[in-house]
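Visitor: One file: coords.pdb (PDB, N, CA and C atoms, pLDDT in the B column).
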ATOM      1  N   MET A 192       5.917 -11.582 -24.894  1.00 77.00           N
ATOM      2  CA  MET A 192       7.063 -10.734 -24.710  1.00 77.00           C
ATOM      3  C   MET A 192       8.307 -11.514 -25.124  1.00 77.00           C
ATOM      4  N   ASP A 193       9.050 -10.943 -26.057  1.00 89.00           N
ATOM      5  CA  ASP A 193      10.272 -11.562 -26.555  1.00 89.00           C
ATOM      6  C   ASP A 193      11.476 -10.897 -25.888  1.00 89.00           C
ATOM      7  N   PRO A 194      12.181 -11.617 -24.987  1.00 89.00           N
ATOM      8  CA  PRO A 194      13.310 -11.015 -24.278  1.00 89.00           C
ATOM      9  C   PRO A 194      14.381 -10.455 -25.215  1.00 89.00           C
ATOM     10  N   ALA A 195      14.639 -11.124 -26.326  1.00 93.00           N
ATOM     11  CA  ALA A 195      15.663 -10.643 -27.267  1.00 93.00           C
ATOM     12  C   ALA A 195      15.255  -9.297 -27.864  1.00 93.00           C
ATOM     13  N   GLU A 196      13.977  -9.133 -28.155  1.00 93.00           N
ATOM     14  CA  GLU A 196      13.477  -7.867 -28.708  1.00 93.00           C
ATOM     15  C   GLU A 196      13.614  -6.738 -27.684  1.00 93.00           C
ATOM     16  N   VAL A 197      13.255  -7.026 -26.446  1.00 91.00           N
ATOM     17  CA  VAL A 197      13.371  -6.006 -25.396  1.00 91.00           C
ATOM     18  C   VAL A 197      14.838  -5.641 -25.177  1.00 91.00           C
ATOM     19  N   ARG A 198      15.712  -6.638 -25.159  1.00 92.00           N
ATOM     20  CA  ARG A 198      17.149  -6.390 -24.992  1.00 92.00           C
ATOM     21  C   ARG A 198      17.674  -5.496 -26.123  1.00 92.00           C
ATOM     22  N   ALA A 199      17.239  -5.751 -27.354  1.00 94.00           N
ATOM     23  CA  ALA A 199      17.653  -4.936 -28.503  1.00 94.00           C
ATOM     24  C   ALA A 199      17.146  -3.508 -28.354  1.00 94.00           C
ATOM     25  N   GLN A 200      15.905  -3.333 -27.901  1.00 92.00           N
ATOM     26  CA  GLN A 200      15.358  -1.991 -27.697  1.00 92.00           C
ATOM     27  C   GLN A 200      16.126  -1.248 -26.617  1.00 92.00           C
ATOM     28  N   LYS A 201      16.514  -1.948 -25.562  1.00 92.00           N
ATOM     29  CA  LYS A 201      17.283  -1.314 -24.476  1.00 92.00           C
ATOM     30  C   LYS A 201      18.643  -0.827 -24.967  1.00 92.00           C
ATOM     31  N   GLN A 202      19.252  -1.552 -25.897  1.00 92.00           N
ATOM     32  CA  GLN A 202      20.579  -1.204 -26.395  1.00 92.00           C
ATOM     33  C   GLN A 202      20.530  -0.134 -27.483  1.00 92.00           C
ATOM     34  N   ALA A 203      19.363   0.098 -28.047  1.00 93.00           N
ATOM     35  CA  ALA A 203      19.220   1.105 -29.097  1.00 93.00           C
ATOM     36  C   ALA A 203      19.278   2.505 -28.482  1.00 93.00           C
ATOM     37  N   PRO A 204      19.733   3.493 -29.257  1.00 94.00           N
ATOM     38  CA  PRO A 204      19.746   4.857 -28.737  1.00 94.00           C
ATOM     39  C   PRO A 204      18.319   5.353 -28.494  1.00 94.00           C
ATOM     40  N   GLY A 205      18.185   6.252 -27.553  1.00 91.00           N
ATOM     41  CA  GLY A 205      16.874   6.813 -27.249  1.00 91.00           C
ATOM     42  C   GLY A 205      16.675   6.944 -25.759  1.00 91.00           C
ATOM     43  N   LYS A 206      15.469   7.290 -25.397  1.00 89.00           N
ATOM     44  CA  LYS A 206      15.137   7.523 -24.000  1.00 89.00           C
ATOM     45  C   LYS A 206      14.900   6.211 -23.259  1.00 89.00           C
ATOM     46  N   ASP A 207      14.893   6.307 -21.926  1.00 89.00           N
ATOM     47  CA  ASP A 207      14.625   5.150 -21.080  1.00 89.00           C
ATOM     48  C   ASP A 207      13.186   4.685 -21.258  1.00 89.00           C
ATOM     49  N   MET A 208      12.950   3.414 -20.983  1.00 89.00           N
ATOM     50  CA  MET A 208      11.604   2.850 -21.017  1.00 89.00           C
ATOM     51  C   MET A 208      11.100   2.730 -19.582  1.00 89.00           C
ATOM     52  N   ILE A 209       9.777   2.810 -19.410  1.00 89.00           N
ATOM     53  CA  ILE A 209       9.181   2.677 -18.088  1.00 89.00           C
ATOM     54  C   ILE A 209       7.896   1.855 -18.207  1.00 89.00           C
ATOM     55  N   ILE A 210       7.599   1.102 -17.163  1.00 87.00           N
ATOM     56  CA  ILE A 210       6.382   0.285 -17.121  1.00 87.00           C
ATOM     57  C   ILE A 210       5.538   0.785 -15.959  1.00 87.00           C
ATOM     58  N   PHE A 211       4.261   1.031 -16.205  1.00 82.00           N
ATOM     59  CA  PHE A 211       3.335   1.435 -15.154  1.00 82.00           C
ATOM     60  C   PHE A 211       2.299   0.339 -14.937  1.00 82.00           C
ATOM     61  N   GLY A 212       2.281  -0.228 -13.746  1.00 72.00           N
ATOM     62  CA  GLY A 212       1.169  -1.053 -13.300  1.00 72.00           C
ATOM     63  C   GLY A 212       0.946  -2.381 -13.987  1.00 72.00           C
ATOM     64  N   SER A 213       1.964  -3.043 -14.484  1.00 82.00           N
ATOM     65  CA  SER A 213       1.764  -4.355 -15.077  1.00 82.00           C
ATOM     66  C   SER A 213       2.694  -5.357 -14.401  1.00 82.00           C
ATOM     67  N   ALA A 214       2.194  -5.978 -13.344  1.00 82.00           N
ATOM     68  CA  ALA A 214       3.010  -6.927 -12.578  1.00 82.00           C
ATOM     69  C   ALA A 214       3.451  -8.104 -13.435  1.00 82.00           C
ATOM     70  N   SER A 215       2.602  -8.547 -14.364  1.00 86.00           N
ATOM     71  CA  SER A 215       2.979  -9.708 -15.174  1.00 86.00           C
ATOM     72  C   SER A 215       4.137  -9.371 -16.110  1.00 86.00           C
ATOM     73  N   ILE A 216       4.142  -8.186 -16.697  1.00 89.00           N
ATOM     74  CA  ILE A 216       5.250  -7.787 -17.576  1.00 89.00           C
ATOM     75  C   ILE A 216       6.511  -7.579 -16.753  1.00 89.00           C
ATOM     76  N   VAL A 217       6.389  -6.929 -15.593  1.00 89.00           N
ATOM     77  CA  VAL A 217       7.551  -6.719 -14.722  1.00 89.00           C
ATOM     78  C   VAL A 217       8.137  -8.068 -14.318  1.00 89.00           C
ATOM     79  N   SER A 218       7.303  -9.023 -13.983  1.00 88.00           N
ATOM     80  CA  SER A 218       7.784 -10.350 -13.596  1.00 88.00           C
ATOM     81  C   SER A 218       8.551 -11.009 -14.735  1.00 88.00           C
ATOM     82  N   GLN A 219       8.004 -10.939 -15.943  1.00 90.00           N
ATOM     83  CA  GLN A 219       8.663 -11.551 -17.094  1.00 90.00           C
ATOM     84  C   GLN A 219       9.997 -10.877 -17.395  1.00 90.00           C
ATOM     85  N   LEU A 220      10.016  -9.558 -17.380  1.00 91.00           N
ATOM     86  CA  LEU A 220      11.253  -8.827 -17.656  1.00 91.00           C
ATOM     87  C   LEU A 220      12.288  -9.065 -16.561  1.00 91.00           C
ATOM     88  N   SER A 221      11.851  -9.135 -15.313  1.00 91.00           N
ATOM     89  CA  SER A 221      12.760  -9.406 -14.189  1.00 91.00           C
ATOM     90  C   SER A 221      13.400 -10.781 -14.333  1.00 91.00           C
ATOM     91  N   GLU A 222      12.606 -11.745 -14.743  1.00 90.00           N
ATOM     92  CA  GLU A 222      13.094 -13.109 -14.911  1.00 90.00           C
ATOM     93  C   GLU A 222      14.257 -13.165 -15.903  1.00 90.00           C
ATOM     94  N   HIS A 223      14.270 -12.251 -16.864  1.00 91.00           N
ATOM     95  CA  HIS A 223      15.313 -12.222 -17.890  1.00 91.00           C
ATOM     96  C   HIS A 223      16.375 -11.156 -17.620  1.00 91.00           C
ATOM     97  N   GLY A 224      16.335 -10.529 -16.447  1.00 90.00           N
ATOM     98  CA  GLY A 224      17.337  -9.521 -16.090  1.00 90.00           C
ATOM     99  C   GLY A 224      17.266  -8.266 -16.935  1.00 90.00           C
ATOM    100  N   LEU A 225      16.056  -7.888 -17.345  1.00 93.00           N
ATOM    101  CA  LEU A 225      15.899  -6.765 -18.264  1.00 93.00           C
ATOM    102  C   LEU A 225      15.415  -5.483 -17.601  1.00 93.00           C
ATOM    103  N   ILE A 226      15.334  -5.463 -16.283  1.00 92.00           N
ATOM    104  CA  ILE A 226      14.928  -4.238 -15.587  1.00 92.00           C
ATOM    105  C   ILE A 226      16.126  -3.708 -14.816  1.00 92.00           C
ATOM    106  N   ASP A 227      16.424  -2.434 -15.034  1.00 93.00           N
ATOM    107  CA  ASP A 227      17.569  -1.792 -14.384  1.00 93.00           C
ATOM    108  C   ASP A 227      17.200  -1.179 -13.044  1.00 93.00           C
ATOM    109  N   GLU A 228      16.004  -0.576 -12.964  1.00 94.00           N
ATOM    110  CA  GLU A 228      15.585   0.093 -11.733  1.00 94.00           C
ATOM    111  C   GLU A 228      14.134  -0.248 -11.404  1.00 94.00           C
ATOM    112  N   TYR A 229      13.874  -0.332 -10.093  1.00 92.00           N
ATOM    113  CA  TYR A 229      12.536  -0.633  -9.577  1.00 92.00           C
ATOM    114  C   TYR A 229      12.105   0.480  -8.636  1.00 92.00           C
ATOM    115  N   PRO A 230      11.139   1.311  -9.020  1.00 92.00           N
ATOM    116  CA  PRO A 230      10.599   2.272  -8.067  1.00 92.00           C
ATOM    117  C   PRO A 230       9.350   1.680  -7.390  1.00 92.00           C
ATOM    118  N   PHE A 231       9.277   1.824  -6.090  1.00 90.00           N
ATOM    119  CA  PHE A 231       8.110   1.369  -5.337  1.00 90.00           C
ATOM    120  C   PHE A 231       7.582   2.541  -4.526  1.00 90.00           C
ATOM    121  N   VAL A 232       6.272   2.709  -4.485  1.00 91.00           N
ATOM    122  CA  VAL A 232       5.657   3.717  -3.629  1.00 91.00           C
ATOM    123  C   VAL A 232       4.929   2.978  -2.523  1.00 91.00           C
ATOM    124  N   VAL A 233       5.292   3.293  -1.284  1.00 91.00           N
ATOM    125  CA  VAL A 233       4.672   2.681  -0.114  1.00 91.00           C
ATOM    126  C   VAL A 233       3.702   3.705   0.475  1.00 91.00           C
ATOM    127  N   GLY A 234       2.453   3.301   0.606  1.00 90.00           N
ATOM    128  CA  GLY A 234       1.436   4.179   1.186  1.00 90.00           C
ATOM    129  C   GLY A 234       1.130   3.754   2.609  1.00 90.00           C
ATOM    130  N   PRO A 235       0.816   4.723   3.473  1.00 87.00           N
ATOM    131  CA  PRO A 235       0.563   4.421   4.887  1.00 87.00           C
ATOM    132  C   PRO A 235      -0.852   3.867   5.116  1.00 87.00           C
ATOM    133  N   LEU A 236      -1.072   2.648   4.643  1.00 84.00           N
ATOM    134  CA  LEU A 236      -2.375   2.014   4.768  1.00 84.00           C
ATOM    135  C   LEU A 236      -2.168   0.513   4.948  1.00 84.00           C
ATOM    136  N   LEU A 237      -2.728  -0.044   5.983  1.00 82.00           N
ATOM    137  CA  LEU A 237      -2.626  -1.481   6.214  1.00 82.00           C
ATOM    138  C   LEU A 237      -3.885  -2.148   5.697  1.00 82.00           C
ATOM    139  N   LEU A 238      -3.721  -3.069   4.757  1.00 81.00           N
ATOM    140  CA  LEU A 238      -4.865  -3.723   4.146  1.00 81.00           C
ATOM    141  C   LEU A 238      -5.145  -5.098   4.736  1.00 81.00           C
ATOM    142  N   GLY A 239      -4.127  -5.716   5.323  1.00 81.00           N
ATOM    143  CA  GLY A 239      -4.317  -7.038   5.909  1.00 81.00           C
ATOM    144  C   GLY A 239      -4.274  -8.170   4.898  1.00 81.00           C
ATOM    145  N   GLY A 240      -3.915  -7.905   3.695  1.00 78.00           N
ATOM    146  CA  GLY A 240      -3.819  -8.934   2.658  1.00 78.00           C
ATOM    147  C   GLY A 240      -3.305  -8.288   1.391  1.00 78.00           C
ATOM    148  N   GLY A 241      -3.283  -9.038   0.349  1.00 76.00           N
ATOM    149  CA  GLY A 241      -2.851  -8.478  -0.929  1.00 76.00           C
ATOM    150  C   GLY A 241      -1.926  -9.414  -1.663  1.00 76.00           C
ATOM    151  N   ARG A 242      -1.447  -8.925  -2.791  1.00 75.00           N
ATOM    152  CA  ARG A 242      -0.573  -9.720  -3.646  1.00 75.00           C
ATOM    153  C   ARG A 242       0.806  -9.096  -3.696  1.00 75.00           C
ATOM    154  N   SER A 243       1.772  -9.920  -3.964  1.00 76.00           N
ATOM    155  CA  SER A 243       3.126  -9.438  -4.174  1.00 76.00           C
ATOM    156  C   SER A 243       3.159  -8.694  -5.511  1.00 76.00           C
ATOM    157  N   PRO A 244       3.900  -7.581  -5.594  1.00 74.00           N
ATOM    158  CA  PRO A 244       3.928  -6.837  -6.862  1.00 74.00           C
ATOM    159  C   PRO A 244       4.662  -7.591  -7.970  1.00 74.00           C
ATOM    160  N   ILE A 245       5.523  -8.537  -7.611  1.00 79.00           N
ATOM    161  CA  ILE A 245       6.266  -9.304  -8.611  1.00 79.00           C
ATOM    162  C   ILE A 245       6.225 -10.769  -8.204  1.00 79.00           C
ATOM    163  N   ASN A 246       5.663 -11.607  -9.063  1.00 80.00           N
ATOM    164  CA  ASN A 246       5.525 -13.040  -8.774  1.00 80.00           C
ATOM    165  C   ASN A 246       6.219 -13.875  -9.835  1.00 80.00           C
ATOM    166  N   GLY A 247       6.487 -15.111  -9.507  1.00 79.00           N
ATOM    167  CA  GLY A 247       6.930 -16.075 -10.492  1.00 79.00           C
ATOM    168  C   GLY A 247       8.409 -16.042 -10.832  1.00 79.00           C
ATOM    169  N   LEU A 248       9.228 -15.408 -10.013  1.00 83.00           N
ATOM    170  CA  LEU A 248      10.660 -15.390 -10.295  1.00 83.00           C
ATOM    171  C   LEU A 248      11.278 -16.707  -9.856  1.00 83.00           C
ATOM    172  N   SER A 249      12.171 -17.247 -10.680  1.00 84.00           N
ATOM    173  CA  SER A 249      12.816 -18.507 -10.336  1.00 84.00           C
ATOM    174  C   SER A 249      14.046 -18.294  -9.450  1.00 84.00           C
ATOM    175  N   ALA A 250      14.521 -17.049  -9.360  1.00 84.00           N
ATOM    176  CA  ALA A 250      15.684 -16.735  -8.530  1.00 84.00           C
ATOM    177  C   ALA A 250      15.509 -15.348  -7.928  1.00 84.00           C
ATOM    178  N   ARG A 251      16.231 -15.092  -6.852  1.00 87.00           N
ATOM    179  CA  ARG A 251      16.190 -13.775  -6.230  1.00 87.00           C
ATOM    180  C   ARG A 251      16.840 -12.736  -7.133  1.00 87.00           C
ATOM    181  N   VAL A 252      16.344 -11.510  -7.040  1.00 88.00           N
ATOM    182  CA  VAL A 252      16.942 -10.379  -7.738  1.00 88.00           C
ATOM    183  C   VAL A 252      17.464  -9.445  -6.656  1.00 88.00           C
ATOM    184  N   ALA A 253      18.780  -9.310  -6.566  1.00 92.00           N
ATOM    185  CA  ALA A 253      19.378  -8.436  -5.552  1.00 92.00           C
ATOM    186  C   ALA A 253      19.220  -6.982  -5.989  1.00 92.00           C
ATOM    187  N   LEU A 254      18.819  -6.122  -5.039  1.00 95.00           N
ATOM    188  CA  LEU A 254      18.586  -4.708  -5.325  1.00 95.00           C
ATOM    189  C   LEU A 254      19.428  -3.838  -4.404  1.00 95.00           C
ATOM    190  N   ASP A 255      19.832  -2.695  -4.920  1.00 97.00           N
ATOM    191  CA  ASP A 255      20.546  -1.691  -4.134  1.00 97.00           C
ATOM    192  C   ASP A 255      19.691  -0.441  -4.044  1.00 97.00           C
ATOM    193  N   LEU A 256      19.527   0.101  -2.838  1.00 97.00           N
ATOM    194  CA  LEU A 256      18.729   1.299  -2.640  1.00 97.00           C
ATOM    195  C   LEU A 256      19.412   2.503  -3.286  1.00 97.00           C
ATOM    196  N   LEU A 257      18.670   3.207  -4.139  1.00 97.00           N
ATOM    197  CA  LEU A 257      19.163   4.427  -4.774  1.00 97.00           C
ATOM    198  C   LEU A 257      18.630   5.671  -4.088  1.00 97.00           C
ATOM    199  N   GLU A 258      17.359   5.586  -3.650  1.00 97.00           N
ATOM    200  CA  GLU A 258      16.686   6.773  -3.137  1.00 97.00           C
ATOM    201  C   GLU A 258      15.527   6.373  -2.233  1.00 97.00           C
ATOM    202  N   ALA A 259      15.310   7.149  -1.196  1.00 98.00           N
ATOM    203  CA  ALA A 259      14.128   7.024  -0.342  1.00 98.00           C
ATOM    204  C   ALA A 259      13.590   8.437  -0.159  1.00 98.00           C
ATOM    205  N   LYS A 260      12.436   8.706  -0.766  1.00 98.00           N
ATOM    206  CA  LYS A 260      11.901  10.070  -0.773  1.00 98.00           C
ATOM    207  C   LYS A 260      10.523  10.105  -0.112  1.00 98.00           C
ATOM    208  N   PRO A 261      10.420  10.766   1.053  1.00 97.00           N
ATOM    209  CA  PRO A 261       9.109  10.886   1.708  1.00 97.00           C
ATOM    210  C   PRO A 261       8.295  12.036   1.096  1.00 97.00           C
ATOM    211  N   TYR A 262       6.990  11.881   1.115  1.00 97.00           N
ATOM    212  CA  TYR A 262       6.070  12.915   0.632  1.00 97.00           C
ATOM    213  C   TYR A 262       5.169  13.364   1.772  1.00 97.00           C
ATOM    214  N   ALA A 263       4.621  14.565   1.659  1.00 96.00           N
ATOM    215  CA  ALA A 263       3.750  15.125   2.692  1.00 96.00           C
ATOM    216  C   ALA A 263       2.524  14.242   2.937  1.00 96.00           C
ATOM    217  N   SER A 264       2.101  13.490   1.946  1.00 94.00           N
ATOM    218  CA  SER A 264       0.943  12.599   2.071  1.00 94.00           C
ATOM    219  C   SER A 264       1.212  11.421   3.005  1.00 94.00           C
ATOM    220  N   GLY A 265       2.487  11.196   3.308  1.00 95.00           N
ATOM    221  CA  GLY A 265       2.871  10.027   4.088  1.00 95.00           C
ATOM    222  C   GLY A 265       3.419   8.918   3.211  1.00 95.00           C
ATOM    223  N   ASN A 266       3.232   9.037   1.892  1.00 96.00           N
ATOM    224  CA  ASN A 266       3.796   8.048   0.973  1.00 96.00           C
ATOM    225  C   ASN A 266       5.316   8.139   0.982  1.00 96.00           C
ATOM    226  N   LEU A 267       5.942   7.044   0.637  1.00 97.00           N
ATOM    227  CA  LEU A 267       7.393   6.972   0.558  1.00 97.00           C
ATOM    228  C   LEU A 267       7.762   6.316  -0.770  1.00 97.00           C
ATOM    229  N   MET A 268       8.559   7.008  -1.577  1.00 96.00           N
ATOM    230  CA  MET A 268       9.026   6.441  -2.835  1.00 96.00           C
ATOM    231  C   MET A 268      10.397   5.829  -2.592  1.00 96.00           C
ATOM    232  N   LEU A 269      10.534   4.561  -2.897  1.00 97.00           N
ATOM    233  CA  LEU A 269      11.798   3.848  -2.760  1.00 97.00           C
ATOM    234  C   LEU A 269      12.285   3.470  -4.156  1.00 97.00           C
ATOM    235  N   GLY A 270      13.481   3.908  -4.494  1.00 96.00           N
ATOM    236  CA  GLY A 270      14.056   3.584  -5.788  1.00 96.00           C
ATOM    237  C   GLY A 270      15.207   2.614  -5.615  1.00 96.00           C
ATOM    238  N   TYR A 271      15.169   1.501  -6.327  1.00 96.00           N
ATOM    239  CA  TYR A 271      16.194   0.473  -6.241  1.00 96.00           C
ATOM    240  C   TYR A 271      16.787   0.207  -7.616  1.00 96.00           C
ATOM    241  N   ALA A 272      18.070  -0.136  -7.642  1.00 96.00           N
ATOM    242  CA  ALA A 272      18.733  -0.577  -8.873  1.00 96.00           C
ATOM    243  C   ALA A 272      18.970  -2.078  -8.774  1.00 96.00           C
ATOM    244  N   ALA A 273      18.744  -2.770  -9.882  1.00 92.00           N
ATOM    245  CA  ALA A 273      19.045  -4.189  -9.929  1.00 92.00           C
ATOM    246  C   ALA A 273      20.558  -4.356  -9.902  1.00 92.00           C
ATOM    247  N   ARG A 274      21.031  -5.203  -9.019  1.00 90.00           N
ATOM    248  CA  ARG A 274      22.462  -5.463  -8.896  1.00 90.00           C
ATOM    249  C   ARG A 274      22.891  -6.375 -10.036  1.00 90.00           C
ATOM    250  N   PRO A 275      23.884  -5.972 -10.825  1.00 81.00           N
ATOM    251  CA  PRO A 275      24.339  -6.820 -11.935  1.00 81.00           C
ATOM    252  C   PRO A 275      24.854  -8.166 -11.439  1.00 81.00           C
ATOM    253  N   GLY A 276      24.681  -9.146 -12.286  1.00 67.00           N
ATOM    254  CA  GLY A 276      25.213 -10.476 -11.951  1.00 67.00           C
ATOM    255  C   GLY A 276      24.148 -11.382 -11.657  1.00 67.00           C
TER     256      GLY A 276
END
Show this structure as structure tokens.

Guide:
Amino acid sequence: MDPAEVRAQKQAPGKDMIIFGSASIVSQLSEHGLIDEYPFVVGPLLLGGGRSPINGLSARVALDLLEAKPYASGNLMLGYAARPG
């Protein structure tokens, strides 16, 4: 993944880009400040273990809550925006 290429694609006209289910790509893009919004779906299930959805960041990424949407299934969609800076 070339951060300069992704940055150029983000600045080009067109629709928004979205990533589904690739923690390694999200981690790499986050490290370079290339993700604007993070949607997370929380399901009502306790597993007792697991992995972090984003690993390997060298610094914290501050997020601002945009939306919290509950569903009849019990799932909760949380939408966050990456705080600039």

Visitor: Could you tell me which residues the PyMOL selection byres (((chain A and resi 257-271 and name CA) around 10) and name CA) returns for this structure, as an MDAnalysis selection string?

Guide: chainID A and resid 227:236 253:256 272:274

Visitor: What does the structure give for the distance between atom C of Pro244 (chain A) and CA of Ala214 (chain A), in Å to one decimal?

Guide: 4.9 Å

Visitor: Apply the PyMOL selection byres ((chain A and resi 245) around 7) to the file shown and report the selected residues as a PyMOL selection string.

Guide: chain A and resi 214-215+217-218+242-244+246-248

Visitor: List the residues selected by the PyMOL selection byres ((chain A and resi 194-206) around 8) in the file shown, writing them as a list in words.

Guide: Met192, Asp193, Asp207, Met208, Ile209, Gln219, Leu220, His223 and Leu225 of chain A

Visitor: Taking all atoms of region 224-240 of chain A that appear in the file, build a box with edges along x, y and z, extend it by 8 Å on every side, and state its centre and edge lengths in Å to one decimal, as lines of an AutoDock Vina configuration file.

Guide:
center_x = 6.2
center_y = -2.9
center_z = -6.0
size_x = 38.7
size_y = 31.3
size_z = 40.5

Visitor: Chain A: which residues are strand (DSSP E or B) by DSSP, as a PyMOL selection string?

Guide: chain A and resi 228-233+254-261+267-273

Visitor: Those same residues, written as a short mmCIF file (atom, residue, chain, number, x, y, z; two decimals), in the frame of the given file with N, CA and C atoms?

Guide:
data_model
loop_
_atom_site.label_atom_id
_atom_site.label_comp_id
_atom_site.auth_asym_id
_atom_site.auth_seq_id
_atom_site.Cartn_x
_atom_site.Cartn_y
_atom_site.Cartn_z
N GLU A 228 16.00 -0.58 -12.96
CA GLU A 228 15.58 0.09 -11.73
C GLU A 228 14.13 -0.25 -11.40
N TYR A 229 13.87 -0.33 -10.09
CA TYR A 229 12.54 -0.63 -9.58
C TYR A 229 12.10 0.48 -8.64
N PRO A 230 11.14 1.31 -9.02
CA PRO A 230 10.60 2.27 -8.07
C PRO A 230 9.35 1.68 -7.39
N PHE A 231 9.28 1.82 -6.09
CA PHE A 231 8.11 1.37 -5.34
C PHE A 231 7.58 2.54 -4.53
N VAL A 232 6.27 2.71 -4.49
CA VAL A 232 5.66 3.72 -3.63
C VAL A 232 4.93 2.98 -2.52
N VAL A 233 5.29 3.29 -1.28
CA VAL A 233 4.67 2.68 -0.11
C VAL A 233 3.70 3.70 0.48
N LEU A 254 18.82 -6.12 -5.04
CA LEU A 254 18.59 -4.71 -5.32
C LEU A 254 19.43 -3.84 -4.40
N ASP A 255 19.83 -2.70 -4.92
CA ASP A 255 20.55 -1.69 -4.13
C ASP A 255 19.69 -0.44 -4.04
N LEU A 256 19.53 0.10 -2.84
CA LEU A 256 18.73 1.30 -2.64
C LEU A 256 19.41 2.50 -3.29
N LEU A 257 18.67 3.21 -4.14
CA LEU A 257 19.16 4.43 -4.77
C LEU A 257 18.63 5.67 -4.09
N GLU A 258 17.36 5.59 -3.65
CA GLU A 258 16.69 6.77 -3.14
C GLU A 258 15.53 6.37 -2.23
N ALA A 259 15.31 7.15 -1.20
CA ALA A 259 14.13 7.02 -0.34
C ALA A 259 13.59 8.44 -0.16
N LYS A 260 12.44 8.71 -0.77
CA LYS A 260 11.90 10.07 -0.77
C LYS A 260 10.52 10.10 -0.11
N PRO A 261 10.42 10.77 1.05
CA PRO A 261 9.11 10.89 1.71
C PRO A 261 8.30 12.04 1.10
N LEU A 267 5.94 7.04 0.64
CA LEU A 267 7.39 6.97 0.56
C LEU A 267 7.76 6.32 -0.77
N MET A 268 8.56 7.01 -1.58
CA MET A 268 9.03 6.44 -2.84
C MET A 268 10.40 5.83 -2.59
N LEU A 269 10.53 4.56 -2.90
CA LEU A 269 11.80 3.85 -2.76
C LEU A 269 12.28 3.47 -4.16
N GLY A 270 13.48 3.91 -4.49
CA GLY A 270 14.06 3.58 -5.79
C GLY A 270 15.21 2.61 -5.62
N TYR A 271 15.17 1.50 -6.33
CA TYR A 271 16.19 0.47 -6.24
C TYR A 271 16.79 0.21 -7.62
N ALA A 272 18.07 -0.14 -7.64
CA ALA A 272 18.73 -0.58 -8.87
C ALA A 272 18.97 -2.08 -8.77
N ALA A 273 18.74 -2.77 -9.88
CA ALA A 273 19.05 -4.19 -9.93
C ALA A 273 20.56 -4.36 -9.90
#

Visitor: Report, in Å with one decimal, the straight-line distance from CA of Ile226 (chain A) to CA of Pro275 (chain A).

Guide: 10.4 Å

Visitor: Save region 195-209 of chain A to disk from that block, N, CA and C atoms included, as an mmCIF file, in the first residue's frame.

Guide:
data_model
loop_
_atom_site.group_PDB
_atom_site.id
_atom_site.type_symbol
_atom_site.label_atom_id
_atom_site.label_comp_id
_atom_site.auth_asym_id
_atom_site.auth_seq_id
_atom_site.Cartn_x
_atom_site.Cartn_y
_atom_site.Cartn_z
ATOM 1 N N ALA A 195 1.036 7.661 -0.623
ATOM 2 C CA ALA A 195 0.920 8.787 -1.564
ATOM 3 C C ALA A 195 -0.148 8.500 -2.618
ATOM 4 N N GLU A 196 -0.224 7.262 -3.073
ATOM 5 C CA GLU A 196 -1.233 6.875 -4.068
ATOM 6 C C GLU A 196 -2.641 6.975 -3.476
ATOM 7 N N VAL A 197 -2.797 6.495 -2.257
ATOM 8 C CA VAL A 197 -4.113 6.566 -1.606
ATOM 9 C C VAL A 197 -4.507 8.024 -1.378
ATOM 10 N N ARG A 198 -3.562 8.844 -0.938
ATOM 11 C CA ARG A 198 -3.830 10.270 -0.721
ATOM 12 C C ARG A 198 -4.277 10.936 -2.029
ATOM 13 N N ALA A 199 -3.625 10.601 -3.138
ATOM 14 C CA ALA A 199 -3.994 11.154 -4.448
ATOM 15 C C ALA A 199 -5.395 10.706 -4.840
ATOM 16 N N GLN A 200 -5.733 9.440 -4.600
ATOM 17 C CA GLN A 200 -7.073 8.943 -4.916
ATOM 18 C C GLN A 200 -8.127 9.647 -4.079
ATOM 19 N N LYS A 201 -7.822 9.906 -2.816
ATOM 20 C CA LYS A 201 -8.776 10.605 -1.937
ATOM 21 C C LYS A 201 -9.046 12.026 -2.424
ATOM 22 N N GLN A 202 -8.038 12.679 -2.990
ATOM 23 C CA GLN A 202 -8.174 14.060 -3.441
ATOM 24 C C GLN A 202 -8.810 14.159 -4.825
ATOM 25 N N ALA A 203 -8.855 13.060 -5.547
ATOM 26 C CA ALA A 203 -9.447 13.059 -6.885
ATOM 27 C C ALA A 203 -10.971 13.131 -6.776
ATOM 28 N N PRO A 204 -11.629 13.701 -7.788
ATOM 29 C CA PRO A 204 -13.088 13.734 -7.761
ATOM 30 C C PRO A 204 -13.660 12.316 -7.843
ATOM 31 N N GLY A 205 -14.828 12.143 -7.279
ATOM 32 C CA GLY A 205 -15.479 10.840 -7.315
ATOM 33 C C GLY A 205 -16.113 10.516 -5.984
ATOM 34 N N LYS A 206 -16.580 9.301 -5.882
ATOM 35 C CA LYS A 206 -17.279 8.858 -4.687
ATOM 36 C C LYS A 206 -16.302 8.493 -3.574
ATOM 37 N N ASP A 207 -16.846 8.372 -2.359
ATOM 38 C CA ASP A 207 -16.050 7.974 -1.204
ATOM 39 C C ASP A 207 -15.575 6.536 -1.357
ATOM 40 N N MET A 208 -14.477 6.214 -0.695
ATOM 41 C CA MET A 208 -13.957 4.851 -0.671
ATOM 42 C C MET A 208 -14.341 4.217 0.663
ATOM 43 N N ILE A 209 -14.495 2.889 0.664
ATOM 44 C CA ILE A 209 -14.829 2.172 1.887
ATOM 45 C C ILE A 209 -14.036 0.865 1.925
#
